[in-house]
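A.B. asks: First the structure, which I've put down as structure tokens, then a few questions once you've had a look.
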Amino acid sequence: MVLMLATASIIHRYPQRVLTEPPMAPPRVAFPERVAAVGLVEASSENISLGSHLPGVVEKVFITAGQDVKANDPLVRLDTRALEASLAERRGNLAVREAAVQTALARVRTARAALAEVQRNLRFAEAVSDTRSISAEEVTRRRSAVEIAEAEVQTAEAEVTAAESAVIAAAAAVKSVEIDLARSVVTAPIDGRVLQLRVRPGEYVAAGPAVQPWLVLGQVRPLHVRVDVDEHEAWRVHPGARVIAQVRGNAALSTLLTFVRFEPMVVPKQSLTGASTERVDTRVMQVLYQVEGDDLPLFVGQQMDVFIEAHNLQNAVSENSRLP
């Protein structure tokens, strides 16, 4: 009797567990054989981290995050006051060089006129048959004058060549500054959407790649999903398999994916924080899929649960046996 009362007391005090449903349904898929992986949404052009050709202070930002842009649209312009001053200086130098060419050409015309005059004097002296009318010394002097005039023509023509070369160099210097002025405006390389903007007027940007990109651009129609498949299950994935991706936190939001390509190299799995030092002891094969339709509220950089219809071991062995 005492034992029965003790048992009843324990059962009465033991907490009753009530079965509760999770607030969100866990990801499920109807594939009997499948490979589960994690995918990362990215632009179909891949995420393009833009940089600046030149270092400088940002003068103006033409776009905002999320804005659609066309190829060659201006995105960011640097301060160009120093370049504009340099351009004015070099254009002035070019004008001086061009004037020097005109001066050299005028000297050529003067030298040629002087040469024609002494040549006429020489022909007149050589045409006189009476040696008493003009001395041999005078004829020799006139011949020397012709030689001197010819040398002066050659010198003037060389000065023209040098002046024209200086004009070419000055024009190249002007072109160099004009190119730098054009490069001081960062333009869109493709049609796409501004995915990230981390620069404001007055901030300094360095030339070349940055540790953290300050401007990311990409084509978002269609979107791609980069899926990391564990190397131990890579043999089970084939291009024609059906693939379903589900939004993290809401398995009801799902979409079919279409195979795009395999990345040729198996790489170490890297955590999605972006830090190069955060790795796990796993290697993954990356597969790119295209999102069918654009009705899901997907954002670049969002994680998705991906399920790939997979080969089982028996099918894989039978397929390999058919290979030559």
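The chains in the structure tokens are called A, B, ... from first to last as shown; in each chain the residues are counted from 1, and the ligands are counted from 1 in the order shown.
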Find the spatial neighbours of A:Ala173, counting only C-alpha atoms, within a cut-off of 9 Å - ignore same-chain residues fewer than 3 positions away - and output them as a count of residues only.
C.D. replies: 10
A.B. asks: Considering only alpha helix (DSSP H) as DSSP defines it on the backbone, what residues of stretch 32-260 of chain A qualify? List them as a PyMOL selection string.
C.D. replies: chain A and resi 81-127+136-183
A.B. asks: Find the residues around A:Arg226 up to 9 Å (only C-alpha atoms counted), leave out those fewer than 4 positions away in its own chain, and share them as a short mmCIF file (atom, residue, chain, number, x, y, z; two decimals) with C-alpha atoms, in the first residue's frame.
C.D. replies:
```cif
data_model
loop_
_atom_site.label_atom_id
_atom_site.label_comp_id
_atom_site.auth_asym_id
_atom_site.auth_seq_id
_atom_site.Cartn_x
_atom_site.Cartn_y
_atom_site.Cartn_z
CA VAL A 38 24.61 25.24 -47.83
CA GLY A 39 24.33 27.75 -50.64
CA LEU A 40 25.17 31.42 -50.79
CA VAL A 41 23.20 33.74 -53.05
CA GLU A 42 25.37 35.79 -55.38
CA GLN A 286 31.58 24.48 -55.32
CA VAL A 287 28.65 24.19 -57.72
CA LEU A 288 26.87 27.15 -59.29
CA TYR A 289 23.12 27.02 -59.83
CA GLN A 290 20.72 29.56 -61.27
#
```
A.B. asks: Quick one: residues within 12 Å of A:Gln154, only C-alpha atoms, excluding same-chain residues fewer than 3 positions away - as a list of chain:residue names?
C.D. replies: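 Here the answer would be A:Ala104, A:Leu105, A:Arg107, A:Val108, A:Arg109, A:Thr110, A:Ala111, A:Arg112, A:Leu115, A:Glu147, A:Ile148, A:Ala149, A:Glu150, A:Ala151, A:Glu157, A:Ala158, A:Glu159, A:Val160, A:Thr161.
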A.B. asks: Can you work out which one of A:Ser44, A:Leu217, A:Phe124, A:Thr7 has the shortest atom-to-atom distance to A:Val260, counting only C-alpha atoms?
C.D. replies: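 Between A:Ser44, A:Leu217, A:Phe124, A:Thr7, the residue approaching A:Val260 most closely is A:Ser44.
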A.B. asks: With a cut-off of 12 Å, could you pull out the residues of stretch 232-257 of chain A touching stretch 261-264 of chain A and give me the nearest pair of atoms for each, distance in Å to one decimal, using only C-alpha atoms, ordered by chain and ascending number, as a Markdown table?
C.D. replies:
```
| residue | atom | partner | partner_atom | distance |
| --- | --- | --- | --- | --- |
| A:Ala234 | CA | A:Phe262 | CA | 10.6 |
| A:Val237 | CA | A:Phe262 | CA | 10.1 |
| A:His238 | CA | A:Phe262 | CA | 9.6 |
| A:Pro239 | CA | A:Arg261 | CA | 7.8 |
| A:Gly240 | CA | A:Arg261 | CA | 11.0 |
| A:Leu257 | CA | A:Arg261 | CA | 12.0 |
```
A.B. asks: How would the residues just chosen look if you wrote them out with C-alpha atoms as a PDB file, in the first residue's frame?
C.D. replies:
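Result file follows (part_35.pdb):
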```pdb
ATOM      1  CA  ALA A 234      30.947  15.257 -54.392  1.00  0.00           C
ATOM      2  CA  VAL A 237      26.288  15.185 -57.493  1.00  0.00           C
ATOM      3  CA  HIS A 238      25.691  15.233 -61.246  1.00  0.00           C
ATOM      4  CA  PRO A 239      24.675  18.110 -63.566  1.00  0.00           C
ATOM      5  CA  GLY A 240      21.213  16.773 -64.452  1.00  0.00           C
ATOM      6  CA  LEU A 257      17.696  25.639 -59.213  1.00  0.00           C
TER       7      LEU A 257
END
```
A.B. asks: Of the residues A:Val225, A:Ala145, A:Val291, A:Val186, which is the one nearest to A:Arg77, using only C-alpha atoms?
C.D. replies: A:Val186
A.B. asks: Point out the residue among A:Arg283, A:Lys269, A:Arg120, A:Arg248 with the least atom-to-atom distance to A:Pro297, counting only C-alpha atoms.
C.D. replies: A:Arg248
A.B. asks: Rounded to one decimal place, report the atom CA of A:Gly293-atom CA of A:Arg34 distance in Å.
C.D. replies: 23.0 Å
A.B. asks: What's the 6 Å shell around A:Ala188, counting only C-alpha atoms, without same-chain residues fewer than 6 positions away, as a list in words?
C.D. replies: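 Those residues are Ala71, Asn72 and Asp73 of chain A.
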A.B. asks: Figure out the distance between atom CA of A:Val146 and atom CA of A:Gln119, please, to one decimal in Å.
C.D. replies: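 It comes out at 5.9 Å.
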A.B. asks: Report as an MDAnalysis selection string: the residues of stretch 111-315 of chain A with a DSSP assignment of strand (DSSP E or B), based on the backbone of this structure.
C.D. replies: chainID A and resid 185:187 192:197 204:205 207:208 215:218 223:230 243:247 250:262 267:270 279:291 303:309
A.B. asks: With the cut-off set at 7 Å and counting only C-alpha atoms, tabulate each residue of stretch 152-228 of chain A with an atom at most that distance from an atom of stretch 95-100 of chain A, showing the nearest atom pair and its distance in Å to one decimal, ordered by chain and increasing number, as JSON lines.
C.D. replies:
```
{"residue": "A:Ala163", "atom": "CA", "partner": "A:Ala100", "partner_atom": "CA", "distance": 6.1}
{"residue": "A:Ala166", "atom": "CA", "partner": "A:Arg97", "partner_atom": "CA", "distance": 6.2}
{"residue": "A:Val167", "atom": "CA", "partner": "A:Arg97", "partner_atom": "CA", "distance": 5.2}
```
A.B. asks: Counting only C-alpha atoms, which of A:Ala136, A:Ala82, A:Ala125, A:Met285 gets nearest to A:Glu233?
C.D. replies: A:Met285
A.B. asks: Expressed in Å to a single decimal, how great is the separation between atom CA of A:Ser254 and atom CA of A:Glu292?
C.D. replies: 10.3 Å
A.B. asks: Report as a PyMOL selection string all protein, DNA and RNA residues lying within 9 Å of A:Glu59, evaluated on only C-alpha atoms, omitting residues in the same chain fewer than 2 positions from it.
C.D. replies: chain A and resi 56-57+61+76-80+200-203
